[in-house]
Amino acid sequence: MTSAPTFSDEEVERYARHLVLRELGGPGQQRLKAARVLLVGAGGLGCVAAPLLAAAGVGVVGLVDPDVVSLSNLQRQTLYRTQDVGRLKVDCARERLGEINACVQVEAHAIALTPQIADEIVTGYDLVLDGTDDFATRFAVNAAAYSAGIVLVSGAIERWTGQVGVFAAGLTRDRPPGQRQACYRCLTPDIPPDAETCARVGVVGALAGVIGAMMALEAVKLIADVGEPLVGRLLIYDALSAETRTVRVPPDPACAVCGTRVSAS
Ligand SMILES: [Zn+2]
């Protein structure tokens, strides 16, 4: 193990509002600086979560996205500018994050996270955030987080509704069945037959700000080990009625990824 990171005078001033927080302080900020966080998807959610993580002083931010910026992204993907249209999202994002906080190391992966390469990309990170909008990628991220033994923060938005949850199955996989947490596949065993994309049904841009920020905040809590992260819970935000509700997500013994039923028999 390396020793806890120290801070320059500039960092002490930069993170002053964190350092005075009783729950974070120096030890919490050191944990943030030592953390390696992977963000899958540099779309609406990633565009909000990534700059917040960089500004917060997370040591390494990995970004995975194969896409280039398109004009219709700019309504909600606030990290990009009009002149970025046609450029790789991860290249633009790396530049912006470097401008926000040069102390942060950004690792850009301009590639689609498929099941074949998911383990290779996720390995080495302490935490993974998934802000992608297709179930196949979400399933690949979830399986890789589980096999890497790390926590997954998952966010999703569609129309006027968003959700965020923390899935700690990877972290608890070696515990007795009664002490394990759910994975994303416990919540969503199969691709829903009515699965829609934002391109088809639309999404209100500011909703990406709400849910992306919640993902970053859950990440900060998990890294600094403060508060009650949304582990085993899913927070659902209905923007039209401005109401939230939180539902429990128990582990599914029959889950295809983390299920215990087969191995226990
Ligand atoms: Zn599961």
# chains A, B, ... in the order shown; residues from 1 in each chain; ligands from 1
$ closest_atom_pairs --of "chain A" --to "ligand 1" --cutoff "12 Å" --atoms "only C-alpha atoms and all ligand atoms" --output "CSV"
residue,atom,partner,partner_atom_place_in_ligand_line,distance
A:Phe139,CA,ligand 1,1 (Zn),10.4
A:Asn142,CA,ligand 1,1 (Zn),8.8
A:Ala143,CA,ligand 1,1 (Zn),8.9
A:Ala145,CA,ligand 1,1 (Zn),11.2
A:Tyr146,CA,ligand 1,1 (Zn),8.7
A:Ser147,CA,ligand 1,1 (Zn),11.6
A:Leu152,CA,ligand 1,1 (Zn),11.8
A:Phe167,CA,ligand 1,1 (Zn),8.8
A:Ala168,CA,ligand 1,1 (Zn),9.6
A:Ala169,CA,ligand 1,1 (Zn),6.8
A:Gly170,CA,ligand 1,1 (Zn),9.3
A:Thr172,CA,ligand 1,1 (Zn),11.3
A:Arg173,CA,ligand 1,1 (Zn),10.0
A:Pro177,CA,ligand 1,1 (Zn),11.8
A:Arg180,CA,ligand 1,1 (Zn),9.8
A:Gln181,CA,ligand 1,1 (Zn),8.1
A:Ala182,CA,ligand 1,1 (Zn),5.2
A:Cys183,CA,ligand 1,1 (Zn),3.9
A:Tyr184,CA,ligand 1,1 (Zn),6.0
A:Arg185,CA,ligand 1,1 (Zn),4.7
A:Cys186,CA,ligand 1,1 (Zn),3.9
A:Leu187,CA,ligand 1,1 (Zn),7.4
A:Thr188,CA,ligand 1,1 (Zn),8.7
A:Pro189,CA,ligand 1,1 (Zn),7.9
A:Asp190,CA,ligand 1,1 (Zn),11.3
A:Gly232,CA,ligand 1,1 (Zn),11.0
A:Val249,CA,ligand 1,1 (Zn),9.9
A:Pro250,CA,ligand 1,1 (Zn),8.9
A:Pro251,CA,ligand 1,1 (Zn),5.9
A:Asp252,CA,ligand 1,1 (Zn),5.8
A:Pro253,CA,ligand 1,1 (Zn),7.6
A:Ala254,CA,ligand 1,1 (Zn),7.9
A:Cys255,CA,ligand 1,1 (Zn),4.6
A:Ala256,CA,ligand 1,1 (Zn),6.5
A:Val257,CA,ligand 1,1 (Zn),5.1
A:Cys258,CA,ligand 1,1 (Zn),4.1
A:Gly259,CA,ligand 1,1 (Zn),5.7
A:Thr260,CA,ligand 1,1 (Zn),9.1
A:Arg261,CA,ligand 1,1 (Zn),11.2
$ select_by_dssp --residues "region 126-207 of chain A" --states "strand (DSSP E or B)" --output "ChimeraX atom specification"
/A:127-130,151-159,161-167,203
$ closest_residue --among "A:Ala42, A:Val85, A:Leu127, A:Val48" --to "Lys221 (chain A)" --atoms "only C-alpha atoms"
A:Leu127
$ closest_residue --among "A:Ala239, A:Leu19, A:Ile150, A:Leu52" --to "Val204 (chain A)" --atoms "only C-alpha atoms"
A:Ala239
$ atom_distance --atom1 "CA of Lys33 (chain A)" --atom2 "CA of Thr78 (chain A)"
24.6 Å
$ residues_around --residues "Gly26 (chain A)" --least-positions-apart "6" --cutoff "10 Å" --atoms "only C-alpha atoms" --output "PyMOL selection string"
chain A and resi 6-7+12+15-16+18-20+32
$ write_last_selection --atoms "N, CA, C and O atoms" --output "PDB file, in the first residue's frame"
ATOM      1  N   THR A   6      -0.601  13.511   0.153  1.00  0.00           N
ATOM      2  CA  THR A   6      -0.545  14.799   0.843  1.00  0.00           C
ATOM      3  C   THR A   6      -1.026  15.884  -0.114  1.00  0.00           C
ATOM      4  O   THR A   6      -1.153  15.661  -1.308  1.00  0.00           O
ATOM      5  N   PHE A   7      -1.259  17.076   0.401  1.00  0.00           N
ATOM      6  CA  PHE A   7      -1.826  18.153  -0.396  1.00  0.00           C
ATOM      7  C   PHE A   7      -0.898  19.352  -0.459  1.00  0.00           C
ATOM      8  O   PHE A   7      -0.290  19.740   0.545  1.00  0.00           O
ATOM      9  N   VAL A  12      -5.003  22.604  -0.885  1.00  0.00           N
ATOM     10  CA  VAL A  12      -5.678  22.941   0.380  1.00  0.00           C
ATOM     11  C   VAL A  12      -6.699  24.045   0.144  1.00  0.00           C
ATOM     12  O   VAL A  12      -7.829  24.008   0.666  1.00  0.00           O
ATOM     13  N   TYR A  15      -9.703  22.675  -2.225  1.00  0.00           N
ATOM     14  CA  TYR A  15     -10.660  21.771  -1.574  1.00  0.00           C
ATOM     15  C   TYR A  15     -11.123  22.296  -0.211  1.00  0.00           C
ATOM     16  O   TYR A  15     -11.635  21.524   0.607  1.00  0.00           O
ATOM     17  N   ALA A  16     -10.950  23.616   0.015  1.00  0.00           N
ATOM     18  CA  ALA A  16     -11.231  24.186   1.339  1.00  0.00           C
ATOM     19  C   ALA A  16     -12.644  23.865   1.832  1.00  0.00           C
ATOM     20  O   ALA A  16     -12.835  23.564   3.015  1.00  0.00           O
ATOM     21  N   HIS A  18     -14.486  21.310   1.161  1.00  0.00           N
ATOM     22  CA  HIS A  18     -14.538  19.909   1.593  1.00  0.00           C
ATOM     23  C   HIS A  18     -13.827  19.736   2.925  1.00  0.00           C
ATOM     24  O   HIS A  18     -14.290  19.010   3.800  1.00  0.00           O
ATOM     25  N   LEU A  19     -12.665  20.398   3.031  1.00  0.00           N
ATOM     26  CA  LEU A  19     -11.812  20.162   4.197  1.00  0.00           C
ATOM     27  C   LEU A  19     -12.481  20.623   5.492  1.00  0.00           C
ATOM     28  O   LEU A  19     -12.205  20.079   6.564  1.00  0.00           O
ATOM     29  N   VAL A  20     -13.392  21.618   5.388  1.00  0.00           N
ATOM     30  CA  VAL A  20     -14.077  22.070   6.607  1.00  0.00           C
ATOM     31  C   VAL A  20     -15.303  21.219   6.932  1.00  0.00           C
ATOM     32  O   VAL A  20     -15.866  21.350   8.017  1.00  0.00           O
ATOM     33  N   LEU A  32     -10.486  10.651  -1.599  1.00  0.00           N
ATOM     34  CA  LEU A  32     -10.883  11.071  -2.953  1.00  0.00           C
ATOM     35  C   LEU A  32      -9.661  11.125  -3.865  1.00  0.00           C
ATOM     36  O   LEU A  32      -9.702  10.668  -5.008  1.00  0.00           O
TER      37      LEU A  32
END
$ atom_distance --atom1 "CA of Thr137 (chain A)" --atom2 "CA of Ala112 (chain A)"
8.2 Å
$ closest_residue --among "A:Arg200, A:Arg175, A:Arg22, A:Arg159" --to "Leu240 (chain A)" --atoms "only C-alpha atoms"
A:Arg159
$ residues_around --residues "Glu196 (chain A)" --least-positions-apart "3" --cutoff "12 Å" --atoms "only C-alpha atoms" --output "list of chain:residue names"
A:Asp133, A:Asp134, A:Phe135, A:Ala156, A:Ile157, A:Glu158, A:Arg159, A:Ile191, A:Pro192, A:Pro193, A:Ala199, A:Arg200, A:Val201, A:Gly202, A:Val203
$ residues_around --residues "Leu71 (chain A)" --least-positions-apart "2" --cutoff "9 Å" --atoms "only C-alpha atoms" --output "list of chain:residue names"
A:Val69, A:Asn73, A:Leu74, A:Gln75, A:Thr82, A:Asp84, A:Val85, A:Gly86
$ write_last_selection --atoms "C-alpha atoms" --output "compact mmCIF listing (two decimals), in the first residue's frame"
# COMPACT_ATOMS: atom_id res chain seq x y z
CA VAL A 69 -20.46 14.64 -30.20
CA ASN A 73 -26.42 15.87 -27.70
CA LEU A 74 -25.91 19.50 -26.71
CA GLN A 75 -29.42 19.92 -25.24
CA THR A 82 -21.10 23.57 -30.45
CA ASP A 84 -17.07 20.01 -30.50
CA VAL A 85 -19.62 18.41 -32.87
CA GLY A 86 -17.88 15.54 -34.69
$ select_by_dssp --residues "region 132-234 of chain A" --states "helix (DSSP H, G or I)" --output "ChimeraX atom specification"
/A:135-148,177-179,184-187,198-201,205-224
$ write_last_selection --atoms "N, CA and C atoms" --output "compact mmCIF listing (two decimals), in the first residue's frame"
# COMPACT_ATOMS: atom_id res chain seq x y z
N PHE A 135 -29.32 -1.46 -22.39
CA PHE A 135 -29.27 -2.53 -21.39
C PHE A 135 -28.09 -3.48 -21.59
N ALA A 136 -27.71 -3.72 -22.83
CA ALA A 136 -26.60 -4.64 -23.07
C ALA A 136 -25.32 -4.11 -22.41
N THR A 137 -25.07 -2.80 -22.54
CA THR A 137 -23.87 -2.23 -21.91
C THR A 137 -24.01 -2.23 -20.39
N ARG A 138 -25.22 -1.88 -19.90
CA ARG A 138 -25.43 -1.90 -18.44
C ARG A 138 -25.17 -3.30 -17.87
N PHE A 139 -25.62 -4.32 -18.57
CA PHE A 139 -25.40 -5.69 -18.10
C PHE A 139 -23.90 -6.01 -18.10
N ALA A 140 -23.18 -5.56 -19.12
CA ALA A 140 -21.74 -5.83 -19.19
C ALA A 140 -20.99 -5.11 -18.06
N VAL A 141 -21.37 -3.87 -17.80
CA VAL A 141 -20.73 -3.11 -16.72
C VAL A 141 -21.01 -3.79 -15.38
N ASN A 142 -22.26 -4.20 -15.18
CA ASN A 142 -22.65 -4.84 -13.92
C ASN A 142 -21.86 -6.13 -13.68
N ALA A 143 -21.76 -6.95 -14.72
CA ALA A 143 -21.04 -8.23 -14.56
C ALA A 143 -19.57 -7.98 -14.27
N ALA A 144 -18.99 -6.97 -14.94
CA ALA A 144 -17.57 -6.67 -14.72
C ALA A 144 -17.32 -6.11 -13.32
N ALA A 145 -18.24 -5.25 -12.85
CA ALA A 145 -18.10 -4.71 -11.49
C ALA A 145 -18.19 -5.84 -10.47
N TYR A 146 -19.09 -6.78 -10.72
CA TYR A 146 -19.25 -7.90 -9.80
C TYR A 146 -17.98 -8.76 -9.77
N SER A 147 -17.45 -9.09 -10.95
CA SER A 147 -16.26 -9.96 -10.95
C SER A 147 -15.03 -9.22 -10.44
N ALA A 148 -15.00 -7.88 -10.56
CA ALA A 148 -13.88 -7.10 -10.03
C ALA A 148 -14.02 -6.86 -8.52
N PRO A 177 -24.91 -15.63 2.38
CA PRO A 177 -26.03 -15.15 1.57
C PRO A 177 -26.87 -14.06 2.23
N GLY A 178 -27.11 -14.16 3.51
CA GLY A 178 -27.96 -13.17 4.19
C GLY A 178 -27.33 -11.80 4.30
N GLN A 179 -26.04 -11.68 4.03
CA GLN A 179 -25.35 -10.39 4.20
C GLN A 179 -24.93 -9.80 2.86
N TYR A 184 -27.14 -5.13 -10.34
CA TYR A 184 -28.11 -4.49 -11.24
C TYR A 184 -29.05 -5.52 -11.88
N ARG A 185 -28.53 -6.74 -12.10
CA ARG A 185 -29.37 -7.78 -12.72
C ARG A 185 -30.41 -8.33 -11.74
N CYS A 186 -30.19 -8.16 -10.43
CA CYS A 186 -31.24 -8.51 -9.47
C CYS A 186 -32.45 -7.61 -9.68
N LEU A 187 -32.18 -6.34 -10.04
CA LEU A 187 -33.25 -5.37 -10.30
C LEU A 187 -33.85 -5.59 -11.68
N CYS A 198 -33.65 7.24 -25.36
CA CYS A 198 -33.98 8.66 -25.29
C CYS A 198 -34.14 9.25 -26.68
N ALA A 199 -33.43 8.67 -27.67
CA ALA A 199 -33.54 9.18 -29.03
C ALA A 199 -34.96 9.04 -29.54
N ARG A 200 -35.66 8.00 -29.10
CA ARG A 200 -37.03 7.75 -29.56
C ARG A 200 -38.06 8.48 -28.72
N VAL A 201 -37.91 8.42 -27.40
CA VAL A 201 -38.99 8.93 -26.54
C VAL A 201 -38.67 10.30 -25.94
N GLY A 205 -33.61 17.86 -20.64
CA GLY A 205 -32.17 18.00 -20.44
C GLY A 205 -31.76 18.16 -18.99
N ALA A 206 -32.48 18.97 -18.22
CA ALA A 206 -32.09 19.24 -16.84
C ALA A 206 -32.14 17.99 -15.96
N LEU A 207 -32.90 16.98 -16.40
CA LEU A 207 -32.96 15.73 -15.62
C LEU A 207 -31.59 15.06 -15.57
N ALA A 208 -30.80 15.20 -16.64
CA ALA A 208 -29.44 14.66 -16.62
C ALA A 208 -28.63 15.32 -15.52
N GLY A 209 -28.88 16.63 -15.30
CA GLY A 209 -28.18 17.33 -14.23
C GLY A 209 -28.52 16.78 -12.87
N VAL A 210 -29.81 16.50 -12.64
CA VAL A 210 -30.25 15.99 -11.34
C VAL A 210 -29.64 14.62 -11.07
N ILE A 211 -29.82 13.70 -11.99
CA ILE A 211 -29.41 12.31 -11.76
C ILE A 211 -27.88 12.18 -11.84
N GLY A 212 -27.25 12.89 -12.79
CA GLY A 212 -25.79 12.84 -12.89
C GLY A 212 -25.13 13.35 -11.61
N ALA A 213 -25.70 14.40 -11.05
CA ALA A 213 -25.14 14.94 -9.80
C ALA A 213 -25.35 13.98 -8.64
N MET A 214 -26.49 13.31 -8.61
CA MET A 214 -26.73 12.31 -7.56
C MET A 214 -25.73 11.16 -7.67
N MET A 215 -25.42 10.76 -8.91
CA MET A 215 -24.43 9.69 -9.09
C MET A 215 -23.07 10.12 -8.54
N ALA A 216 -22.66 11.35 -8.85
CA ALA A 216 -21.37 11.85 -8.36
C ALA A 216 -21.37 11.94 -6.84
N LEU A 217 -22.49 12.37 -6.28
CA LEU A 217 -22.57 12.51 -4.82
C LEU A 217 -22.52 11.15 -4.13
N GLU A 218 -23.21 10.16 -4.70
CA GLU A 218 -23.12 8.81 -4.13
C GLU A 218 -21.69 8.29 -4.22
N ALA A 219 -21.00 8.62 -5.32
CA ALA A 219 -19.60 8.20 -5.46
C ALA A 219 -18.73 8.81 -4.38
N VAL A 220 -18.93 10.11 -4.13
CA VAL A 220 -18.14 10.79 -3.08
C VAL A 220 -18.40 10.13 -1.72
N LYS A 221 -19.67 9.84 -1.43
CA LYS A 221 -20.00 9.20 -0.15
C LYS A 221 -19.35 7.83 -0.03
N LEU A 222 -19.41 7.05 -1.12
CA LEU A 222 -18.83 5.70 -1.10
C LEU A 222 -17.31 5.76 -0.91
N ILE A 223 -16.66 6.69 -1.64
CA ILE A 223 -15.20 6.78 -1.57
C ILE A 223 -14.77 7.23 -0.17
N ALA A 224 -15.46 8.25 0.34
CA ALA A 224 -15.07 8.80 1.64
C ALA A 224 -15.65 8.01 2.81
$ residues_around --residues "Val166 (chain A)" --least-positions-apart "4" --cutoff "7 Å" --atoms "only C-alpha atoms" --output "list in words"
Leu152, Val153, Ser154, Leu230, Val231, Gly232 and Arg233 of chain A
$ closest_residue --among "A:Ile100, A:Ala108, A:Leu45, A:Ala118" --to "Val64 (chain A)" --atoms "only C-alpha atoms"
A:Ala108
$ atom_distance --atom1 "CA of Gly124 (chain A)" --atom2 "CA of Arg36 (chain A)"
7.7 Å
